[in-house]
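J.: So that you have it, the file is data_21.cif, and it contains mmCIF, C-alpha atoms:
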data_coords
#
loop_
_atom_site.label_atom_id
_atom_site.label_comp_id
_atom_site.auth_asym_id
_atom_site.auth_seq_id
_atom_site.Cartn_x
_atom_site.Cartn_y
_atom_site.Cartn_z
CA MET Y 21 62.97 109.83 103.30
CA ALA Y 22 66.01 107.65 102.62
CA ASP Y 23 66.38 106.86 106.32
CA GLU Y 24 62.71 105.84 106.51
CA LEU Y 25 63.15 103.45 103.57
CA VAL Y 26 66.21 101.93 105.21
CA GLU Y 27 64.35 101.45 108.52
CA HIS Y 28 61.38 99.89 106.69
CA ALA Y 29 63.61 97.44 104.80
CA THR Y 30 65.56 96.38 107.89
CA SER Y 31 62.36 95.92 109.94
CA ARG Y 32 60.77 93.63 107.36
CA PHE Y 33 63.98 91.80 106.45
CA PRO Y 34 66.28 91.61 109.49
CA PHE Y 35 69.16 90.11 107.50
CA CYS Y 36 69.30 93.36 105.51
CA ALA Y 37 70.48 95.19 108.62
CA GLY Y 38 74.04 94.19 107.72
CA ILE Y 39 73.66 95.69 104.25
CA PHE Y 40 71.43 98.77 104.39
CA ASN Y 41 73.39 100.86 106.85
CA ARG Y 42 75.59 103.89 106.44
CA LYS Y 43 78.76 102.16 107.58
CA PHE Y 44 78.56 99.45 104.92
CA LEU Y 45 77.64 101.95 102.20
CA VAL Y 46 80.67 104.07 103.14
CA ILE Y 47 82.88 100.94 103.06
CA LEU Y 48 81.50 99.98 99.64
CA ALA Y 49 81.95 103.49 98.23
CA LEU Y 50 85.50 103.79 99.60
CA GLY Y 51 86.42 100.38 98.20
CA GLN Y 52 85.24 101.28 94.73
CA LEU Y 53 87.03 104.63 94.87
CA LEU Y 54 90.24 102.80 95.79
CA SER Y 55 89.65 100.42 92.86
CA TRP Y 56 89.44 103.38 90.49
CA PHE Y 57 92.79 104.67 91.78
CA VAL Y 58 94.32 101.21 91.24
CA CYS Y 59 92.80 101.27 87.76
CA GLY Y 60 94.40 104.68 87.18
CA THR Y 61 97.87 103.41 88.07
CA GLY Y 62 97.42 100.48 85.67
CA VAL Y 63 96.17 102.68 82.83
CA PHE Y 64 99.03 105.18 83.13
CA SER Y 65 101.58 102.37 83.30
CA GLN Y 66 100.02 100.73 80.24
CA LEU Y 67 100.12 104.02 78.33
CA LEU Y 68 103.84 104.37 79.09
CA VAL Y 69 104.55 100.81 77.91
CA THR Y 70 102.25 100.82 74.87
CA ASN Y 71 103.07 104.25 73.49
CA TYR Y 72 106.71 104.67 74.49
CA GLY Y 73 108.04 101.29 75.66
CA ILE Y 74 108.91 102.76 79.09
CA GLU Y 75 108.99 100.40 82.09
CA ILE Y 76 110.22 102.21 85.21
CA PRO Y 77 108.05 100.93 88.11
CA THR Y 78 110.45 102.00 90.87
CA THR Y 79 110.71 105.54 89.52
CA GLN Y 80 106.93 105.84 89.30
CA SER Y 81 106.50 104.64 92.90
CA PHE Y 82 109.32 106.88 94.14
CA LEU Y 83 107.26 109.99 93.45
CA ASN Y 84 104.46 108.64 95.64
CA TYR Y 85 106.79 107.91 98.58
CA LEU Y 86 108.39 111.32 98.14
CA LEU Y 87 105.00 113.07 98.37
CA LEU Y 88 104.08 111.04 101.45
CA GLY Y 89 107.38 111.98 103.04
CA LEU Y 90 107.05 115.68 102.26
CA ILE Y 91 103.58 115.86 103.82
CA TYR Y 92 103.35 113.29 106.61
CA THR Y 93 107.00 112.89 107.64
CA THR Y 94 107.31 116.66 107.82
CA ALA Y 95 104.21 116.77 110.03
CA LEU Y 96 105.69 114.13 112.35
CA ALA Y 97 109.03 115.95 112.45
CA CYS Y 98 107.31 119.09 113.75
CA ASN Y 99 107.46 117.34 117.12
CA PRO Y 100 111.16 116.30 117.09
CA ASN Y 101 111.24 114.49 120.43
CA ASP Y 102 108.16 112.42 119.63
CA PHE Y 103 109.45 111.65 116.12
CA LYS Y 104 112.82 110.49 117.48
CA GLY Y 105 111.05 108.32 120.03
CA LYS Y 106 108.97 106.63 117.34
CA LEU Y 107 112.04 106.04 115.18
CA LYS Y 108 113.93 104.57 118.10
CA GLU Y 109 111.06 102.38 119.25
CA ARG Y 110 109.55 101.21 115.93
CA GLY Y 111 111.88 102.53 113.22
CA LEU Y 112 113.36 99.15 112.24
CA LYS Y 113 109.90 97.62 111.89
CA TYR Y 114 108.76 100.48 109.67
CA PHE Y 115 111.91 100.06 107.56
CA PHE Y 116 111.08 96.43 106.79
CA LEU Y 117 107.43 97.32 106.22
CA ALA Y 118 108.46 99.99 103.69
CA LEU Y 119 110.85 97.51 102.07
CA PHE Y 120 108.03 94.98 101.62
CA ASP Y 121 105.77 97.68 100.22
CA VAL Y 122 108.32 98.99 97.70
CA GLU Y 123 109.28 95.51 96.49
CA ALA Y 124 105.66 94.36 96.22
CA ASN Y 125 104.93 97.24 93.83
CA TYR Y 126 108.07 96.46 91.86
CA LEU Y 127 107.65 92.68 91.58
CA VAL Y 128 104.05 92.67 90.36
CA VAL Y 129 104.76 95.28 87.66
CA LYS Y 130 107.96 93.44 86.69
CA ALA Y 131 105.99 90.22 86.24
CA TYR Y 132 104.22 91.68 83.18
CA GLN Y 133 107.52 91.30 81.27
CA TYR Y 134 107.56 87.52 81.83
CA THR Y 135 104.02 86.18 82.09
CA ASN Y 136 100.55 86.96 80.76
CA LEU Y 137 97.75 89.02 82.23
CA THR Y 138 95.57 85.98 82.96
CA SER Y 139 98.17 84.39 85.22
CA ILE Y 140 98.79 87.69 86.99
CA GLN Y 141 95.07 88.14 87.70
CA VAL Y 142 94.77 84.64 89.17
CA LEU Y 143 97.96 84.72 91.23
CA ASP Y 144 97.42 88.30 92.41
CA CYS Y 145 94.36 87.00 94.28
CA PHE Y 146 96.87 85.29 96.56
CA THR Y 147 97.10 88.68 98.29
CA THR Y 148 93.59 88.10 99.67
CA ALA Y 149 94.57 84.63 100.89
CA SER Y 150 97.71 86.08 102.52
CA VAL Y 151 95.67 88.75 104.29
CA LEU Y 152 93.20 86.14 105.57
CA VAL Y 153 95.96 83.96 107.03
CA LEU Y 154 98.02 86.82 108.46
CA SER Y 155 94.95 88.48 110.01
CA TRP Y 156 94.00 85.18 111.63
CA ILE Y 157 97.52 84.72 113.07
CA PHE Y 158 98.56 88.24 114.07
CA LEU Y 159 95.33 90.24 114.41
CA LYS Y 160 93.43 87.35 116.03
CA VAL Y 161 90.54 87.65 113.56
CA ARG Y 162 88.19 84.66 113.75
CA TYR Y 163 86.29 84.14 110.50
CA GLN Y 164 82.93 82.42 110.20
CA CYS Y 165 81.32 80.49 107.35
CA VAL Y 166 79.63 83.63 106.00
CA HIS Y 167 83.03 85.34 105.62
CA TYR Y 168 84.57 82.41 103.73
CA SER Y 169 81.47 82.33 101.53
CA GLY Y 170 81.89 86.00 100.69
CA VAL Y 171 85.54 85.47 99.75
CA VAL Y 172 84.66 82.50 97.51
CA ILE Y 173 81.94 84.50 95.73
CA CYS Y 174 84.42 87.33 95.07
CA LEU Y 175 86.92 84.84 93.63
CA VAL Y 176 84.21 83.51 91.30
CA GLY Y 177 84.09 87.03 89.88
CA ILE Y 178 87.83 86.87 89.18
CA ILE Y 179 87.34 83.51 87.43
CA CYS Y 180 84.83 85.23 85.12
CA LEU Y 181 87.48 87.85 84.27
CA VAL Y 182 90.11 85.19 83.60
CA ILE Y 183 87.80 83.26 81.26
CA ALA Y 184 86.89 86.45 79.40
CA ASP Y 185 90.57 87.39 79.04
CA TYR Y 186 91.61 83.93 77.89
CA TYR Y 187 89.10 83.91 75.04
CA GLY Y 188 89.19 87.67 74.45
CA SER Y 189 91.63 90.24 73.16
CA ARG Y 190 93.77 90.64 76.26
CA TYR Y 191 95.37 87.17 76.27
CA TYR Y 192 98.86 87.45 74.77
CA GLY Y 193 100.12 83.90 75.05
CA ALA Y 194 102.24 82.25 77.70
CA GLY Y 195 104.81 85.01 78.09
CA LYS Y 196 108.54 84.75 77.59
CA ASN Y 197 109.17 83.01 80.93
CA GLN Y 198 105.98 81.84 82.62
CA VAL Y 199 107.64 80.34 85.70
CA VAL Y 200 109.67 83.45 86.53
CA GLY Y 201 106.65 85.69 86.05
CA ASP Y 202 104.42 83.53 88.26
CA ILE Y 203 107.04 83.45 91.03
CA LEU Y 204 107.34 87.25 90.89
CA VAL Y 205 103.56 87.67 91.24
CA LEU Y 206 103.35 85.21 94.13
CA CYS Y 207 106.18 86.95 96.00
CA GLY Y 208 104.65 90.36 95.36
CA SER Y 209 101.23 89.14 96.54
CA ILE Y 210 102.64 87.82 99.81
CA MET Y 211 104.46 91.12 100.38
CA TYR Y 212 101.25 93.05 99.69
CA GLY Y 213 99.50 90.87 102.25
CA VAL Y 214 102.15 91.59 104.89
CA SER Y 215 102.03 95.31 104.13
CA ASN Y 216 98.22 95.51 104.29
CA VAL Y 217 97.87 93.59 107.56
CA ALA Y 218 100.64 95.68 109.15
CA GLN Y 219 98.92 98.82 107.88
CA GLU Y 220 95.65 97.80 109.54
CA PHE Y 221 97.47 97.15 112.83
CA VAL Y 222 99.29 100.51 112.80
CA VAL Y 223 96.24 102.52 111.77
CA LYS Y 224 94.03 101.01 114.47
CA ASN Y 225 96.63 101.03 117.26
CA PHE Y 226 98.73 104.13 116.55
CA SER Y 227 97.70 106.59 113.84
CA ARG Y 228 97.20 107.01 110.12
CA ALA Y 229 99.68 109.92 110.02
CA GLU Y 230 102.39 107.82 111.67
CA PHE Y 231 101.98 104.99 109.16
CA LEU Y 232 102.04 107.24 106.09
CA GLY Y 233 104.89 109.35 107.48
CA MET Y 234 107.11 106.35 108.20
CA ILE Y 235 106.30 104.64 104.91
CA GLY Y 236 107.06 107.86 103.05
CA PHE Y 237 110.29 108.38 104.98
CA PHE Y 238 111.81 104.91 104.52
CA GLY Y 239 110.11 104.23 101.17
CA SER Y 240 111.71 107.32 99.62
CA PHE Y 241 115.22 106.17 100.52
CA ILE Y 242 114.66 102.54 99.49
CA SER Y 243 113.04 103.35 96.15
CA ALA Y 244 115.61 106.07 95.37
CA ILE Y 245 118.51 103.64 95.86
CA GLN Y 246 116.76 100.95 93.84
CA MET Y 247 115.91 103.45 91.10
CA ILE Y 248 119.56 104.49 90.74
CA ILE Y 249 120.77 100.89 90.64
CA LEU Y 250 118.13 99.30 88.39
CA GLU Y 251 116.62 102.07 86.24
CA ARG Y 252 119.35 104.66 85.75
CA SER Y 253 120.12 103.61 82.16
CA GLN Y 254 116.42 103.53 81.24
CA LEU Y 255 115.87 107.02 82.61
CA LEU Y 256 118.83 108.39 80.66
CA ALA Y 257 117.56 106.76 77.45
CA ILE Y 258 114.07 108.31 77.63
CA GLU Y 259 113.31 111.03 75.10
CA TRP Y 260 111.22 113.17 77.38
CA ASN Y 261 108.10 115.03 76.30
CA TYR Y 262 105.07 116.44 78.10
CA LYS Y 263 102.94 113.29 77.58
CA ILE Y 264 105.49 111.05 79.27
CA ALA Y 265 105.73 113.49 82.16
CA LEU Y 266 101.93 113.66 82.45
CA TYR Y 267 101.62 109.85 82.50
CA ILE Y 268 104.25 109.55 85.25
CA VAL Y 269 102.68 112.34 87.30
CA GLY Y 270 99.21 110.84 86.78
CA PHE Y 271 100.45 107.48 88.06
CA ALA Y 272 102.01 109.13 91.11
CA ILE Y 273 98.84 111.10 91.94
CA CYS Y 274 96.63 107.99 91.70
CA LEU Y 275 99.01 105.99 93.89
CA PHE Y 276 99.30 108.88 96.37
CA LEU Y 277 95.51 109.14 96.71
CA LEU Y 278 95.30 105.36 97.07
CA TYR Y 279 97.78 105.39 99.95
CA ASN Y 280 95.94 108.27 101.63
CA LEU Y 281 92.48 106.71 101.48
CA MET Y 282 93.36 103.08 102.19
CA PRO Y 283 94.07 103.68 105.92
CA ILE Y 284 90.69 105.43 106.20
CA ALA Y 285 88.98 102.43 104.61
CA MET Y 286 90.77 100.13 107.06
CA GLN Y 287 89.56 102.23 109.99
CA PHE Y 288 86.01 101.54 108.82
CA SER Y 289 86.56 97.87 107.96
CA SER Y 290 89.67 95.68 107.67
CA ALA Y 291 92.51 94.71 105.35
CA THR Y 292 90.46 91.74 104.11
CA VAL Y 293 87.47 93.87 103.09
CA VAL Y 294 89.73 96.40 101.36
CA ASN Y 295 91.46 93.66 99.34
CA LEU Y 296 88.14 92.14 98.35
CA SER Y 297 86.97 95.57 97.19
CA LEU Y 298 90.11 96.06 95.10
CA LEU Y 299 89.22 92.99 93.03
CA THR Y 300 86.85 95.25 91.04
CA ALA Y 301 89.85 97.25 89.79
CA ASP Y 302 90.32 94.78 86.93
CA PHE Y 303 86.76 95.45 85.77
CA TYR Y 304 87.32 99.20 85.72
CA SER Y 305 90.62 98.69 83.90
CA LEU Y 306 88.72 96.79 81.23
CA LEU Y 307 86.25 99.62 80.82
CA CYS Y 308 89.12 102.05 80.25
CA GLY Y 309 90.88 99.55 77.99
CA ILE Y 310 87.86 99.34 75.69
CA PHE Y 311 88.33 103.00 74.80
CA LEU Y 312 92.11 103.37 75.12
CA PHE Y 313 93.54 100.00 74.06
CA HIS Y 314 90.67 98.58 71.96
CA TYR Y 315 89.85 95.65 74.23
CA LYS Y 316 86.80 93.59 73.30
CA PHE Y 317 83.81 93.75 75.62
CA SER Y 318 82.37 90.56 77.16
CA ALA Y 319 79.25 90.02 79.24
CA LEU Y 320 81.45 88.08 81.65
CA TYR Y 321 82.96 91.40 82.74
CA LEU Y 322 79.60 92.52 84.12
CA GLY Y 323 79.17 89.11 85.71
CA SER Y 324 82.55 89.55 87.39
CA LEU Y 325 81.57 92.89 88.92
CA THR Y 326 78.24 91.46 90.10
CA PHE Y 327 79.87 88.49 91.84
CA ILE Y 328 82.46 90.68 93.58
CA ILE Y 329 79.83 93.12 94.90
CA ILE Y 330 77.64 90.24 96.09
CA GLY Y 331 80.67 88.68 97.78
CA LEU Y 332 81.37 91.95 99.61
CA ILE Y 333 77.76 92.12 100.78
CA VAL Y 334 77.85 88.52 102.03
CA TYR Y 335 81.16 89.08 103.82
CA ASN Y 336 79.79 92.12 105.66
CA LEU Y 337 76.59 90.42 106.82
CA LYS Y 338 78.36 89.59 110.08
CA PRO Y 339 81.25 91.32 111.87
CA THR Y 340 84.52 89.43 112.28
CA PRO Y 341 85.27 88.85 115.99
CA ARG Y 342 88.89 89.39 116.97
CA ARG Y 343 89.21 86.55 119.46
CA ALA Y 344 87.20 84.33 121.77
CA ASP Y 345 84.77 86.41 123.81
CA PRO Y 346 85.77 86.93 127.48
CA PRO Y 347 83.39 85.96 130.31
CA VAL Y 348 80.34 88.21 130.24
CA THR Y 349 80.25 90.68 133.12
CA GLN Y 350 78.47 93.96 133.70
CA THR Y 351 81.73 95.82 133.15
CA SER Y 352 82.52 94.06 129.88
CA LEU Y 353 78.96 94.62 128.66
CA SER Y 354 79.28 98.34 129.38
CA TYR Y 355 82.60 98.48 127.58
CA ARG Y 356 81.19 96.66 124.55
CA ARG Y 357 78.25 99.06 124.42
CA LEU Y 358 80.64 102.04 124.45
CA GLU Y 359 82.72 100.50 121.66
CA GLU Y 360 79.59 99.81 119.57
CA ASP Y 361 78.41 103.41 120.07
CA SER Y 362 81.85 104.64 118.98
CA GLU Y 363 81.77 102.49 115.83
CA GLU Y 364 78.28 103.75 114.94
CA SER Y 365 79.39 107.35 115.31
CA ASN Y 366 82.33 106.65 112.98
CA GLY Y 367 79.95 105.22 110.40
CA ASP Y 368 77.70 108.29 110.52
CA SER Y 369 80.42 110.72 109.47
CA PHE Y 370 83.03 110.16 106.78
CA LEU Y 371 84.94 113.27 107.73
CA SER Y 372 85.44 112.11 111.29
CA SER Y 373 87.40 109.10 110.02
CA CYS Y 374 90.04 111.31 108.50
CA HIS Y 375 91.26 112.27 111.98
CA ASP Y 376 93.09 109.94 114.31
CA PRO Y 377 90.72 108.47 116.91
CA VAL Y 378 91.18 109.74 120.47
CA PRO Y 379 90.39 106.99 122.99
CA SER Y 380 87.89 107.79 125.70
CA LEU Y 381 89.21 107.81 129.25
CA CYS Y 382 86.07 106.02 130.37
CA CYS Y 383 86.59 103.27 127.78
CA GLN Y 384 90.23 102.94 128.78
CA GLU Y 385 89.35 102.53 132.46
CA LEU Y 386 86.70 99.94 131.67
CA ARG Y 387 89.15 98.10 129.44
CA ASN Y 388 91.67 97.93 132.27
CA VAL Y 389 89.03 96.68 134.71
CA SER Y 390 87.68 94.05 132.31
CA GLU Y 391 91.18 92.75 131.62
#
Using structure tokens, write down the structure that the file contains.

T.:
Amino acid sequence: MADELVEHATSRFPFCAGIFNRKFLVILALGQLLSWFVCGTGVFSQLLVTNYGIEIPTTQSFLNYLLLGLIYTTALACNPNDFKGKLKERGLKYFFLALFDVEANYLVVKAYQYTNLTSIQVLDCFTTASVLVLSWIFLKVRYQCVHYSGVVICLVGIICLVIADYYGSRYYGAGKNQVVGDILVLCGSIMYGVSNVAQEFVVKNFSRAEFLGMIGFFGSFISAIQMIILERSQLLAIEWNYKIALYIVGFAICLFLLYNLMPIAMQFSSATVVNLSLLTADFYSLLCGIFLFHYKFSALYLGSLTFIIIGLIVYNLKPTPRRADPPVTQTSLSYRRLEEDSEESNGDSFLSSCHDPVPSLCCQELRNVSE
């Protein structure tokens, strides 16, 4: 019945074909699930700060990298020769990628000590701009007017949040050092952009397990060293109880699930779409804050969510071509048809995306011929 309704809508309104399909609905659902996990990390961090005055961002992230390492690095190490080959060939690149990822998490959380939430919301959107530029340069993505329009509509939703915060209960003044805080957010946003674009490249060219295993491996060492240097005195000063432990574990679980599902979302879409989807995390944080931190509700919050969802729909009306199309030949047409069939089969089954794609020999031969 649902399929018949979808077919009827797309036949009467052809432009709806980019909206009412399983692939887009999966992308939308995954994006909102990721936003809830981002919301969870923010809520648990806020509970630690509000109730106990604890600010240990590196320690909280360390647990996530440790879990990734225990699961995915161990799986990679089960094939020692292959694991050593990957470390030798791409280990240094993964080290710098993990460094960017660890420091991005640290800098954005650290910025809350210096600037206000409104500035962080505005400047954190620079991650989306960074992803757009880096995808255009390194992934050869070529955006069209409809994609820029979708991004602008999403950013209008963030403007609604900023206005609501400025005149609402979550604006806490200029902060103790606005300039330092803004610089920290900008640096963290750029690092997030680098990490997300690199993640899309690795997931689509190598494997999800390899990315998570290497990030967990190097991220554990980097965050452990940073934790000992920067947060040792804070950890020793904490008067531990079960609530503090639950908040830290809750943060780690949300971040761990976020890291596990984000590569799957990027297999379906791209780093740009994922970042646009994550803009709704602020809305969900507000919903939780109304009950936990006594935030005041504003109709602008609903307007923000509406604009972001509409922006996502507009962005996905057309696919983003990777580069200029090659000369059309019978071979290239056959190869494109095989790729389109493969993408449709990925959209039909969510479970199939959890496994690393195995390239078809036929597709590989056609690719070689067309090149």

J.: For the file shown, report as a PyMOL selection string the outcome of the PyMOL selection byres ((chain Y and resi 294-307) around 6) at residue level.

T.: chain Y and resi 51+55+59+148+291-293+308-310

J.: Taking into account all atoms listed in the file, which residue in the set Y:Val269, Y:Leu312, Y:Leu320, Y:Leu275 is nearest to Phe57 of chain Y?

T.: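 Smallest separation from Phe57 of chain Y among the options: Y:Leu275.
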
J.: Could you state the separation of atom CA of Gln80 of chain Y and atom CA of Gly208 of chain Y in Å, given to one decimal place?

T.: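 Atom CA of Gly208 of chain Y lies at a distance of 16.8 Å from atom CA of Gln80 of chain Y.
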
J.: Of the residues Y:Asn336, Y:Ser169, Y:Ser150, Y:Ser324, which is the one nearest to Phe288 of chain Y, using all atoms listed in the file?

T.: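 Nearest to Phe288 of chain Y: Y:Asn336.
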
J.: Using the chain letters and numbers from the file, give me the residues hit by the PyMOL selection byres ((chain Y and resi 277) around 10), as a list in words.

T.: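 Listing what the PyMOL selection byres ((chain Y and resi 277) around 10) selects in the shown file: Leu53, Leu54, Phe57, Val58, Asn84, Leu88, Ala272, Ile273, Cys274, Leu275, Phe276, Leu278, Tyr279, Asn280, Leu281 and Met282 of chain Y.
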
J.: Mind giving me the straight-line distance from atom CA of Leu255 of chain Y to atom CA of Glu75 of chain Y in Å, one decimal?

T.: 9.6 Å

J.: Given the file shown, enumerate the residues that the PyMOL selection byres ((chain Y and resi 327) around 9) captures and present them as a count of residues only.

T.: 17

J.: To one decimal in Å, tell me the separation between atom CA of Lys160 of chain Y and atom CA of Leu107 of chain Y.

T.: 26.4 Å

J.: Let me make sure I understand: among Y:Leu250, Y:Ile245, Y:Ile333, Y:Val214, which one has the smallest atom-to-atom distance to Leu117 of chain Y if we use only C-alpha atoms?

T.: Y:Val214

J.: So which one's closest to Ile248 of chain Y, Y:Thr61, Y:Asp202, Y:Phe82, Y:Ala49? Using all atoms listed in the file, please.

T.: Y:Phe82

J.: Residues within 12 Å of Gly239 of chain Y, please, as an MDAnalysis selection string. Count all atoms listed in the file; anything in the same chain fewer than 5 positions from it doesn't count.

T.: chainID Y and resid 78:79 81:90 93 114:125 231:234 244:247
